[in-house]
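Dropping input16.cif in here (mmCIF, C-alpha atoms):
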data_model
loop_
_atom_site.label_atom_id
_atom_site.label_comp_id
_atom_site.auth_asym_id
_atom_site.auth_seq_id
_atom_site.Cartn_x
_atom_site.Cartn_y
_atom_site.Cartn_z
CA MET A 849 36.95 -22.14 2.45
CA ASN A 850 37.02 -23.77 -0.96
CA CYS A 851 36.13 -22.10 -4.27
CA THR A 852 32.47 -23.18 -4.17
CA GLU A 853 31.96 -21.59 -0.77
CA ILE A 854 33.87 -18.46 -1.75
CA ARG A 855 31.79 -18.00 -4.90
CA LYS A 856 28.61 -17.98 -2.88
CA LEU A 857 29.92 -14.97 -1.02
CA LEU A 858 31.26 -12.96 -3.93
CA ASN A 859 28.00 -11.11 -4.57
CA ALA A 860 27.76 -10.03 -0.95
CA LEU A 861 31.41 -9.00 -1.14
CA VAL A 862 30.97 -6.69 -4.12
CA ASP A 863 27.76 -5.34 -2.54
CA GLY A 864 29.62 -4.52 0.67
CA GLU A 865 27.28 -6.74 2.66
CA LEU A 866 29.83 -9.19 4.11
CA ASP A 867 30.85 -9.02 7.73
CA LEU A 868 34.44 -8.11 8.46
CA VAL A 869 35.69 -11.61 9.26
CA ARG A 870 34.34 -13.23 6.14
CA ASN A 871 35.37 -10.24 4.09
CA LEU A 872 38.98 -10.84 5.10
CA GLU A 873 38.72 -14.56 4.44
CA VAL A 874 37.36 -14.02 0.94
CA GLU A 875 39.91 -11.33 0.10
CA GLN A 876 42.65 -13.67 1.27
CA HIS A 877 41.38 -16.41 -1.03
CA LEU A 878 41.14 -14.07 -4.02
CA LYS A 879 44.82 -13.21 -3.74
CA THR A 880 45.74 -16.76 -4.59
CA CYS A 881 42.86 -17.93 -6.78
CA ALA A 882 42.72 -16.39 -10.23
CA ALA A 883 39.47 -18.10 -11.21
CA CYS A 884 37.50 -16.67 -8.27
CA ALA A 885 39.19 -13.30 -8.71
CA ALA A 886 38.01 -13.23 -12.34
CA ILE A 887 34.43 -13.85 -11.25
CA LYS A 888 34.65 -11.07 -8.71
CA LYS A 889 36.00 -8.73 -11.38
CA SER A 890 33.19 -9.74 -13.69
CA LEU A 891 30.58 -8.98 -11.01
CA GLN A 892 32.13 -5.60 -10.32
CA SER A 893 32.22 -4.74 -14.00
CA LEU A 894 28.57 -5.76 -14.41
CA GLY A 895 27.50 -3.65 -11.42
CA ALA A 896 29.44 -0.63 -12.63
CA ALA A 897 27.92 -0.93 -16.12
CA LEU A 898 24.38 -1.13 -14.68
CA ARG A 899 24.90 1.87 -12.43
CA LYS A 900 26.62 3.98 -15.08
CA SER A 901 24.06 3.43 -17.81
CA ASP A 902 21.26 5.57 -16.47
CA LEU A 903 18.67 2.82 -16.70
CA ASN A 904 16.24 4.58 -14.38
CA PHE A 905 12.85 5.57 -15.68
CA ARG A 906 11.48 8.89 -14.50
CA ALA A 907 7.86 9.47 -13.62
CA PRO A 908 5.98 11.43 -16.29
CA ASP A 909 4.90 14.92 -15.18
CA SER A 910 1.29 14.01 -15.90
CA LEU A 911 1.42 11.36 -13.17
CA ARG A 912 2.63 13.84 -10.58
CA LYS A 913 -0.06 16.27 -11.67
CA ASP A 914 -2.83 13.63 -11.57
CA LEU A 915 -1.82 12.54 -8.08
CA ARG A 916 -1.81 16.09 -6.73
CA GLN A 917 -5.23 16.58 -8.27
CA PHE A 918 -6.52 13.35 -6.77
CA VAL A 919 -5.26 14.12 -3.29
CA GLY A 920 -6.65 17.63 -3.53
CA ASP A 921 -10.07 16.31 -4.56
CA LEU A 922 -10.10 13.79 -1.74
CA SER A 923 -9.34 16.49 0.79
CA GLU A 924 -12.24 18.47 -0.62
CA GLU A 925 -14.51 15.45 -0.50
CA LYS A 926 -14.19 15.15 3.23
CA LYS A 927 -15.68 18.58 3.75
CA PRO A 928 -19.46 19.01 3.64
CA ARG A 929 -20.39 19.75 0.08
CA GLU A 930 -23.30 20.54 -2.10
CA LYS A 931 -23.81 18.98 -5.46
CA SER A 932 -25.16 21.20 -8.17
CA ASP A 933 -27.13 18.36 -9.72
CA LEU A 934 -29.20 17.72 -6.60
CA PRO A 935 -32.87 18.52 -6.79
CA TRP A 936 -33.48 21.79 -5.00
CA LEU A 937 -35.59 20.26 -2.26
CA TRP A 938 -32.97 17.69 -1.41
CA LYS A 939 -30.33 20.37 -1.48
CA PHE A 940 -32.44 22.48 0.83
CA LEU A 941 -32.92 19.61 3.26
CA ALA A 942 -29.28 18.65 3.16
CA PHE A 943 -28.28 22.23 3.78
CA GLY A 944 -30.71 22.49 6.66
CA ALA A 945 -29.47 19.29 8.22
CA THR A 946 -25.84 20.26 7.86
CA ALA A 947 -26.51 23.71 9.25
CA PHE A 948 -28.36 22.12 12.15
CA ALA A 949 -25.51 19.76 12.88
CA LEU A 950 -22.95 22.52 12.61
CA LEU A 951 -25.04 24.74 14.86
CA ALA A 952 -25.25 21.90 17.31
CA ILE A 953 -21.48 21.72 17.32
CA PHE A 954 -20.61 25.37 17.45
CA LEU A 955 -23.42 26.89 19.47
CA ARG A 956 -23.19 24.66 22.45
CA PRO A 957 -22.44 26.22 25.79
CA ALA A 958 -18.82 26.79 26.62
CA GLY A 959 -17.13 23.98 28.51
CA ILE A 960 -18.31 21.34 26.05
CA SER A 961 -17.05 17.97 27.18
CA GLU A 962 -14.89 15.73 25.08
CA HIS A 963 -17.65 13.17 24.91
CA ASP A 964 -20.20 15.72 23.75
CA ALA A 965 -17.78 16.81 21.07
CA PHE A 966 -17.47 13.17 20.04
CA LEU A 967 -21.26 12.74 19.86
CA ASN A 968 -21.52 15.87 17.76
CA GLU A 969 -18.87 14.56 15.42
CA ILE A 970 -20.85 11.33 15.07
CA ILE A 971 -24.05 13.26 14.33
CA ALA A 972 -22.28 15.48 11.81
CA SER A 973 -20.88 12.40 10.07
CA HIS A 974 -24.27 10.73 10.04
CA VAL A 975 -26.02 13.78 8.66
CA ARG A 976 -23.37 14.35 6.05
CA SER A 977 -23.58 10.71 5.00
CA LEU A 978 -27.26 11.15 4.22
CA GLN A 979 -26.50 13.77 1.66
CA ALA A 980 -26.78 12.37 -1.83
CA GLU A 981 -24.08 10.02 -3.05
CA HIS A 982 -22.16 10.18 0.16
CA LEU A 983 -23.93 7.43 2.08
CA THR A 984 -22.09 4.51 0.54
CA TYR A 985 -19.02 4.10 -1.61
CA VAL A 986 -19.49 0.38 -1.94
CA VAL A 987 -23.14 -0.40 -2.43
CA SER A 988 -23.95 -3.99 -1.75
CA SER A 989 -26.13 -6.08 0.45
CA ASP A 990 -23.56 -8.83 0.15
CA GLN A 991 -21.28 -8.94 3.18
CA HIS A 992 -18.69 -10.74 1.03
CA THR A 993 -18.48 -7.69 -1.19
CA VAL A 994 -18.45 -5.09 1.53
CA LYS A 995 -15.88 -6.71 3.80
CA PRO A 996 -13.09 -7.10 1.20
CA TRP A 997 -13.78 -3.56 0.01
CA PHE A 998 -12.31 -2.33 3.29
CA ASP A 999 -9.09 -4.32 2.79
CA GLY A 1000 -6.22 -1.99 2.24
CA LYS A 1001 -8.32 1.04 3.13
CA ILE A 1002 -8.16 0.60 6.88
CA ASP A 1003 -5.76 -1.20 9.18
CA PHE A 1004 -8.33 -3.46 10.83
CA ALA A 1005 -11.04 -5.83 9.67
CA PRO A 1006 -14.57 -4.88 10.70
CA ASP A 1007 -17.05 -7.67 11.05
CA VAL A 1008 -19.53 -7.18 8.23
CA LYS A 1009 -22.80 -9.08 8.36
CA ASP A 1010 -26.09 -8.70 6.62
CA PHE A 1011 -29.08 -8.72 8.96
CA ALA A 1012 -31.83 -8.63 6.35
CA ALA A 1013 -33.55 -11.56 8.03
CA GLN A 1014 -33.78 -9.57 11.25
CA GLY A 1015 -35.12 -6.48 9.43
CA PHE A 1016 -31.81 -4.67 9.04
CA PRO A 1017 -30.55 -5.21 5.48
CA LEU A 1018 -26.96 -4.19 4.80
CA VAL A 1019 -26.86 -1.30 2.31
CA GLY A 1020 -23.13 -0.87 1.93
CA GLY A 1021 -20.06 0.68 3.45
CA ARG A 1022 -17.71 3.59 3.16
CA LEU A 1023 -14.61 5.04 4.68
CA ASP A 1024 -15.15 7.87 7.15
CA TYR A 1025 -13.06 9.99 9.43
CA LEU A 1026 -13.69 10.32 13.18
CA GLN A 1027 -11.55 11.29 16.13
CA GLY A 1028 -8.61 11.91 13.87
CA ARG A 1029 -8.54 8.49 12.27
CA ASN A 1030 -10.02 6.49 9.44
CA VAL A 1031 -13.02 4.43 10.51
CA ALA A 1032 -15.23 1.94 8.74
CA ALA A 1033 -18.82 3.03 8.31
CA LEU A 1034 -21.35 0.27 7.66
CA VAL A 1035 -24.75 1.34 6.48
CA TYR A 1036 -27.93 -0.54 7.31
CA ARG A 1037 -31.57 0.19 6.62
CA HIS A 1038 -34.58 -0.39 8.79
CA ASN A 1039 -37.86 0.37 7.06
CA LYS A 1040 -37.11 3.80 5.64
CA HIS A 1041 -34.47 4.78 8.14
CA PHE A 1042 -30.76 4.60 7.56
CA ILE A 1043 -28.35 3.54 10.25
CA ASN A 1044 -24.65 4.30 10.28
CA VAL A 1045 -22.44 1.93 12.21
CA PHE A 1046 -18.98 3.38 12.78
CA VAL A 1047 -16.30 0.86 13.66
CA TRP A 1048 -12.71 1.44 14.71
CA PRO A 1049 -10.15 -0.40 16.85
CA THR A 1050 -9.49 0.44 20.48
CA GLU A 1051 -7.24 -0.84 23.21
CA LYS A 1052 -9.93 -0.46 25.83
CA GLU A 1053 -11.56 -3.44 27.48
CA SER A 1054 -15.02 -4.42 26.41
CA SER A 1055 -17.61 -2.06 27.81
CA PRO A 1056 -21.37 -2.37 28.03
CA GLU A 1057 -23.74 -0.45 25.84
CA GLN A 1058 -24.25 3.23 26.35
CA VAL A 1059 -27.44 4.64 24.90
CA GLU A 1060 -28.01 8.30 24.26
CA MET A 1061 -30.49 10.61 22.58
CA VAL A 1062 -28.94 13.74 21.15
CA HIS A 1063 -30.79 16.23 18.97
CA GLY A 1064 -33.34 13.60 18.05
CA TYR A 1065 -30.77 10.99 17.09
CA SER A 1066 -30.34 7.74 18.94
CA ILE A 1067 -26.73 6.86 19.55
CA ILE A 1068 -25.46 3.60 20.97
CA GLU A 1069 -21.84 2.96 21.77
CA HIS A 1070 -20.20 -0.22 22.84
CA THR A 1071 -16.82 -1.90 22.77
CA ALA A 1072 -16.27 -5.56 22.04
CA ASN A 1073 -13.31 -7.64 20.88
CA GLY A 1074 -11.03 -4.64 20.59
CA LEU A 1075 -13.42 -2.67 18.37
CA ASN A 1076 -15.49 0.39 19.17
CA TYR A 1077 -18.95 0.39 17.66
CA CYS A 1078 -21.08 3.46 17.41
CA PHE A 1079 -24.62 3.15 16.03
CA ILE A 1080 -26.55 6.23 15.03
CA SER A 1081 -29.93 6.73 13.45
CA ASP A 1082 -33.16 8.63 13.77
CA LEU A 1083 -34.77 5.32 14.72
CA ASN A 1084 -36.06 5.05 18.26
CA GLU A 1085 -33.66 3.73 20.85
CA LYS A 1086 -35.28 0.34 21.10
CA GLU A 1087 -35.05 -0.44 17.40
CA LEU A 1088 -31.47 0.76 17.25
CA ALA A 1089 -30.66 -1.40 20.26
CA ASP A 1090 -32.03 -4.38 18.33
CA LEU A 1091 -29.38 -3.85 15.67
CA ALA A 1092 -26.66 -3.21 18.26
CA GLY A 1093 -27.69 -6.47 19.92
CA LEU A 1094 -27.14 -8.35 16.67
CA PHE A 1095 -23.54 -7.12 16.61
CA GLY A 1096 -22.95 -8.35 20.11
CA ASN A 1097 -23.50 -11.94 19.07
CA MET B 154 -7.03 16.84 9.12
CA SER B 155 -7.31 16.17 5.38
CA ALA B 156 -5.21 19.20 4.50
CA ASN B 157 -2.66 17.64 6.79
CA GLU B 158 -2.86 14.34 4.89
CA ALA B 159 -2.38 16.15 1.61
CA GLU B 160 0.65 17.87 3.10
CA GLN B 161 2.03 14.52 4.31
CA PHE B 162 1.53 13.06 0.85
CA GLU B 163 3.48 15.94 -0.64
CA ARG B 164 6.26 15.48 1.89
CA ILE B 165 6.47 11.68 2.16
CA VAL B 166 5.30 10.19 -1.14
CA LEU B 167 5.91 12.66 -3.96
CA PRO B 168 9.68 13.07 -3.44
CA HIS B 169 10.01 9.36 -4.22
CA LEU B 170 7.67 9.28 -7.18
CA ASP B 171 10.55 8.70 -9.62
CA ALA B 172 11.70 5.68 -7.60
CA ALA B 173 8.11 4.40 -7.43
CA TYR B 174 7.67 4.80 -11.16
CA ASN B 175 11.07 3.27 -11.92
CA LEU B 176 10.19 0.07 -10.05
CA SER B 177 6.68 -0.06 -11.59
CA ARG B 178 8.14 0.46 -15.05
CA TRP B 179 10.74 -2.28 -14.69
CA LEU B 180 8.17 -4.71 -13.35
CA ALA B 181 5.43 -3.82 -15.83
CA GLY B 182 7.59 -3.65 -18.93
CA ASN B 183 5.73 -0.77 -20.60
CA ASP B 184 4.82 2.85 -19.89
CA HIS B 185 1.08 2.44 -19.83
CA ASP B 186 0.90 -0.37 -17.29
CA ALA B 187 3.64 1.27 -15.25
CA GLU B 188 1.59 4.44 -14.91
CA ASP B 189 -1.47 2.50 -13.81
CA ILE B 190 0.53 0.63 -11.21
CA ALA B 191 2.44 3.66 -9.92
CA GLN B 192 -0.78 5.63 -9.66
CA GLU B 193 -2.62 2.89 -7.81
CA ALA B 194 0.35 2.42 -5.48
CA CYS B 195 0.51 6.13 -4.66
CA VAL B 196 -3.22 6.22 -3.97
CA ARG B 197 -2.72 3.32 -1.57
CA ALA B 198 0.23 5.12 -0.01
CA PHE B 199 -2.06 8.10 0.54
CA ARG B 200 -4.62 5.90 2.29
CA PHE B 201 -1.94 4.31 4.44
CA ILE B 202 -0.12 7.54 5.12
CA GLY B 203 -1.04 7.38 8.78
CA GLY B 204 0.73 4.03 8.88
CA HIS B 205 4.07 5.51 7.89
CA ARG B 206 5.97 5.75 11.16
CA GLY B 207 9.04 7.72 10.22
CA GLY B 208 11.73 5.43 8.87
CA ASP B 209 12.82 5.42 5.26
CA ALA B 210 9.94 6.75 3.19
CA ARG B 211 11.39 5.48 -0.06
CA ALA B 212 11.64 1.84 1.09
CA TRP B 213 8.15 2.16 2.58
CA LEU B 214 6.73 3.45 -0.69
CA LEU B 215 8.63 0.88 -2.78
CA ALA B 216 7.13 -1.92 -0.66
CA ILE B 217 3.65 -0.60 -1.52
CA VAL B 218 4.60 -0.30 -5.20
CA ARG B 219 5.92 -3.85 -5.14
CA ASN B 220 2.74 -5.26 -3.65
CA THR B 221 0.55 -3.27 -5.96
CA ALA B 222 2.58 -4.30 -9.00
CA PHE B 223 2.45 -8.00 -8.24
CA SER B 224 -1.28 -8.05 -7.56
CA TRP B 225 -1.94 -5.82 -10.57
CA LEU B 226 0.13 -8.06 -12.84
CA LYS B 227 -1.43 -11.21 -11.44
CA LYS B 228 -4.84 -9.83 -12.26
CA ASN B 229 -4.13 -8.15 -15.60
CA ARG B 230 -1.02 -9.89 -16.98
CA PRO B 231 -1.12 -13.33 -15.36
CA ALA B 232 1.31 -14.80 -17.89
CA MET B 233 4.04 -12.45 -16.63
CA VAL B 234 3.84 -13.63 -13.05
CA VAL B 235 5.42 -17.05 -13.05
CA SER B 236 6.73 -17.40 -9.56
CA ILE B 237 10.29 -18.62 -9.43
CA ASP B 238 11.46 -21.44 -7.27
CA ASP B 239 14.07 -19.77 -5.15
CA ASP B 240 16.47 -22.67 -4.95
CA ALA B 241 15.80 -25.27 -7.61
CA LEU B 242 17.96 -23.84 -10.36
CA ALA B 243 20.72 -22.35 -8.27
CA GLU B 244 23.03 -25.32 -8.67
CA ILE B 245 22.64 -25.49 -12.42
CA GLU B 246 23.43 -21.82 -12.87
CA ASP B 247 26.40 -22.03 -10.54
CA GLN B 248 28.02 -24.74 -12.61
CA ASN B 249 27.99 -22.53 -15.63
CA VAL B 250 30.88 -20.22 -14.95
CA ALA B 251 31.18 -17.32 -17.31
CA ALA B 252 34.37 -15.35 -17.24
CA HIS B 253 33.07 -12.33 -19.08
CA SER B 254 34.68 -9.41 -17.35
CA ALA B 255 34.27 -6.24 -19.38
CA PHE B 256 30.64 -5.12 -19.53
CA SER B 257 30.14 -2.06 -21.63
CA ALA B 258 27.78 0.59 -20.38
CA ASP B 259 25.56 0.21 -23.42
CA LYS B 260 22.14 1.30 -22.29
CA LYS B 261 20.18 -0.54 -24.94
CA VAL B 262 21.97 -3.83 -24.49
CA LEU B 263 21.81 -3.70 -20.70
CA ARG B 264 18.13 -2.78 -20.77
CA ALA B 265 17.32 -5.74 -22.99
CA ALA B 266 19.37 -8.05 -20.77
CA LEU B 267 17.59 -6.83 -17.66
CA GLU B 268 14.21 -7.22 -19.29
CA SER B 269 14.98 -10.83 -20.09
CA LEU B 270 15.26 -11.69 -16.38
CA PRO B 271 12.42 -13.30 -14.41
CA LEU B 272 10.36 -10.75 -12.47
CA GLU B 273 11.82 -11.39 -9.01
CA PHE B 274 15.40 -11.33 -10.29
CA ARG B 275 14.81 -8.13 -12.24
CA GLU B 276 13.28 -6.62 -9.14
CA ALA B 277 16.32 -7.52 -7.02
CA ILE B 278 18.73 -5.96 -9.54
CA VAL B 279 16.64 -2.81 -9.95
CA LEU B 280 16.38 -2.30 -6.19
CA ARG B 281 20.08 -2.99 -5.65
CA GLU B 282 21.83 -1.41 -8.62
CA LEU B 283 19.40 1.29 -9.72
CA GLU B 284 17.90 2.29 -6.38
CA GLY B 285 20.90 1.42 -4.21
CA LEU B 286 18.91 -0.37 -1.51
CA SER B 287 20.69 -2.55 1.06
CA TYR B 288 19.98 -6.29 1.29
CA LYS B 289 17.88 -5.63 4.38
CA GLU B 290 15.79 -2.99 2.63
CA ILE B 291 15.30 -5.21 -0.41
CA ALA B 292 14.21 -8.02 1.91
CA GLU B 293 11.58 -5.72 3.40
CA VAL B 294 10.33 -4.49 0.05
CA ALA B 295 10.15 -7.96 -1.50
CA GLU B 296 8.97 -9.59 1.74
CA VAL B 297 11.57 -12.36 1.65
CA PRO B 298 14.46 -13.26 3.97
CA VAL B 299 17.84 -11.60 3.42
CA GLY B 300 19.27 -14.97 2.36
CA THR B 301 16.76 -15.10 -0.48
CA VAL B 302 17.73 -11.60 -1.57
CA MET B 303 21.33 -12.72 -1.67
CA SER B 304 20.59 -15.79 -3.76
CA ARG B 305 18.27 -13.90 -6.12
CA LEU B 306 20.92 -11.27 -6.76
CA ALA B 307 23.57 -13.92 -7.33
CA ARG B 308 21.36 -15.81 -9.75
CA ALA B 309 20.21 -12.67 -11.52
CA ARG B 310 23.80 -11.61 -12.08
CA ARG B 311 24.74 -15.09 -13.19
CA GLN B 312 21.96 -14.96 -15.79
CA LEU B 313 23.09 -11.52 -16.94
CA GLN B 314 26.65 -12.78 -17.29
CA ASN B 315 25.42 -15.77 -19.28
CA HIS B 316 23.26 -13.51 -21.41
CA PHE B 317 26.35 -11.49 -22.39
CA ALA B 318 28.46 -14.60 -22.83
CA ARG B 319 25.87 -15.92 -25.30
CA LYS B 320 25.76 -12.58 -27.16
CA GLU B 321 29.52 -12.71 -27.35
CA GLY B 322 29.33 -16.23 -28.77
CA GLU B 323 26.89 -15.13 -31.46
CA LYS B 324 29.28 -12.57 -32.85
#
Transcribe the structure of this file into structure tokens.
Amino acid sequence: MNCTEIRKLLNALVDGELDLVRNLEVEQHLKTCAACAAIKKSLQSLGAALRKSDLNFRAPDSLRKDLRQFVGDLSEEKKPREKSDLPWLWKFLAFGATAFALLAIFLRPAGISEHDAFLNEIIASHVRSLQAEHLTYVVSSDQHTVKPWFDGKIDFAPDVKDFAAQGFPLVGGRLDYLQGRNVAALVYRHNKHFINVFVWPTEKESSPEQVEMVHGYSIIEHTANGLNYCFISDLNEKELADLAGLFGN
Amino acid sequence: MSANEAEQFERIVLPHLDAAYNLSRWLAGNDHDAEDIAQEACVRAFRFIGGHRGGDARAWLLAIVRNTAFSWLKKNRPAMVVSIDDDALAEIEDQNVAAHSAFSADKKVLRAALESLPLEFREAIVLRELEGLSYKEIAEVAEVPVGTVMSRLARARRQLQNHFARKEGEK
């Protein structure tokens, strides 16, 4: 190797990133070439100076404190909560609904199936979402606002479309938690009823729609293109199926 | 579930907060922006915490910091993010051989020299010399091939050497 080739490898040499064969070759060259040896020495001296000089910045304590606070708050947020600034009637209703959903979960006969547990989780999420300020984190009827909002929050890209023309305007979206994972929740409105559409990826094949009525809620599940969809609302089954049908297309 | 995530955050992210802040600070150039970036990156890390599959938590977090920093700077300090052409200048720098061989460990001087480097070069030096990452880890954090890491480090050091050679000449 000539000097030009050797010099290209000197950085990797001082960083200990050269393979054994080339390491030997370069070392051999340095024994007889003072110019290249001087450059190597210069690189070593520079590296040593950088490492010795304590150039690292340390995170301020306030940052650590803020982050712990933030994570703590988020953990709290996922639990059902009451807001002190809610009007009492709303609070009463929200409490009633939550209690009902919780009762539905805990007071079911023993031997509750996995699927029933799943439906109850969906209902609890839906009910909780209707409590003030929880329904949407990104409020927009614009699918181009809602879709990018999910970027970086979840590891898949839900298909977000506004169906205002079909009577189901998009209200917004939020992040929710189901079955031990983050899911996208899209919120639609039909007349005065809210609909939650939970979306999360699955490895299962596409499966046809499954329609259920549980505790007065209509629930429709189906799987398409690697995504599970679960629609829930207090709408009647037929109207909810209309929205589910729109997603199929 | 969420208590578990908070526990994971404590175990996976917080031990490397100094490293996360160090990279943010070197990329941002001031305390205030660095805090914003480090905070945003850690919040993202919290959201992605399920995506951390063992492996080196520090390199994982630094990759998030890196991404956050570059998009934050692009949005808020666009003038700082002038992307370098990874090969165009290599030849020119290589021709300029500086034989400076005794670098003093003067913190102030070194800090100024490092700050004068283009963003991607500074990043490579910080990850290599201050955080001690391997070429492979740097490649993952910066999302470039190992060969590019090698050439960025070489060019960054060449510029630092020239910086000191010039200072020497001014005396």
Next on the checklist: Running the PyMOL selection byres ((chain B) within 9 of (chain A)) on this model by hand, what would come out? Give it as number ranges by chain.
Outcome noted: B: 154-156, 158-159, 162-163, 167, 170-176, 178-179, 188, 191-192, 195-197, 199-201, 203-204, 247, 250-260, 263-264, 279, 281-284, 287-288, 303-304, 306-307, 310-311, 313-314
Checklist entry - Mind pulling up the distance from atom CA of Ile165 of chain B to atom CA of Glu293 of chain B? => result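 We find that atom CA of Glu293 of chain B and atom CA of Ile165 of chain B lie 18.2 Å from each other.
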Checklist entry - If you measure from atom CA of Glu160 of chain B to atom CA of Lys913 of chain A, what distance in Å do you get, rounded to one decimal? => result 14.9 Å
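Closest approach to Ile1067 of chain A among A:Thr946, A:Asn968, A:Ser1055, A:Gln991 is made by A:Asn968 (distances from all atoms listed in the file).
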Next on the checklist: I need every residue sitting at most 10 Å from the point (-11.0, -1.3, 10.8) (coordinates as in the file, all atoms listed in the file considered), written as a list of chain:residue names.
Outcome noted: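 Protein and nucleic acid residues near the point are A:Phe998, A:Asp999, A:Gly1000, A:Lys1001, A:Ile1002, A:Asp1003, A:Phe1004, A:Ala1005, A:Pro1006, A:Asp1007, A:Leu1023, A:Asn1030, A:Val1031, A:Ala1032, A:Ala1033, A:Phe1046, A:Val1047, A:Trp1048, A:Pro1049, A:Thr1050, A:Leu1075, A:Asn1076.
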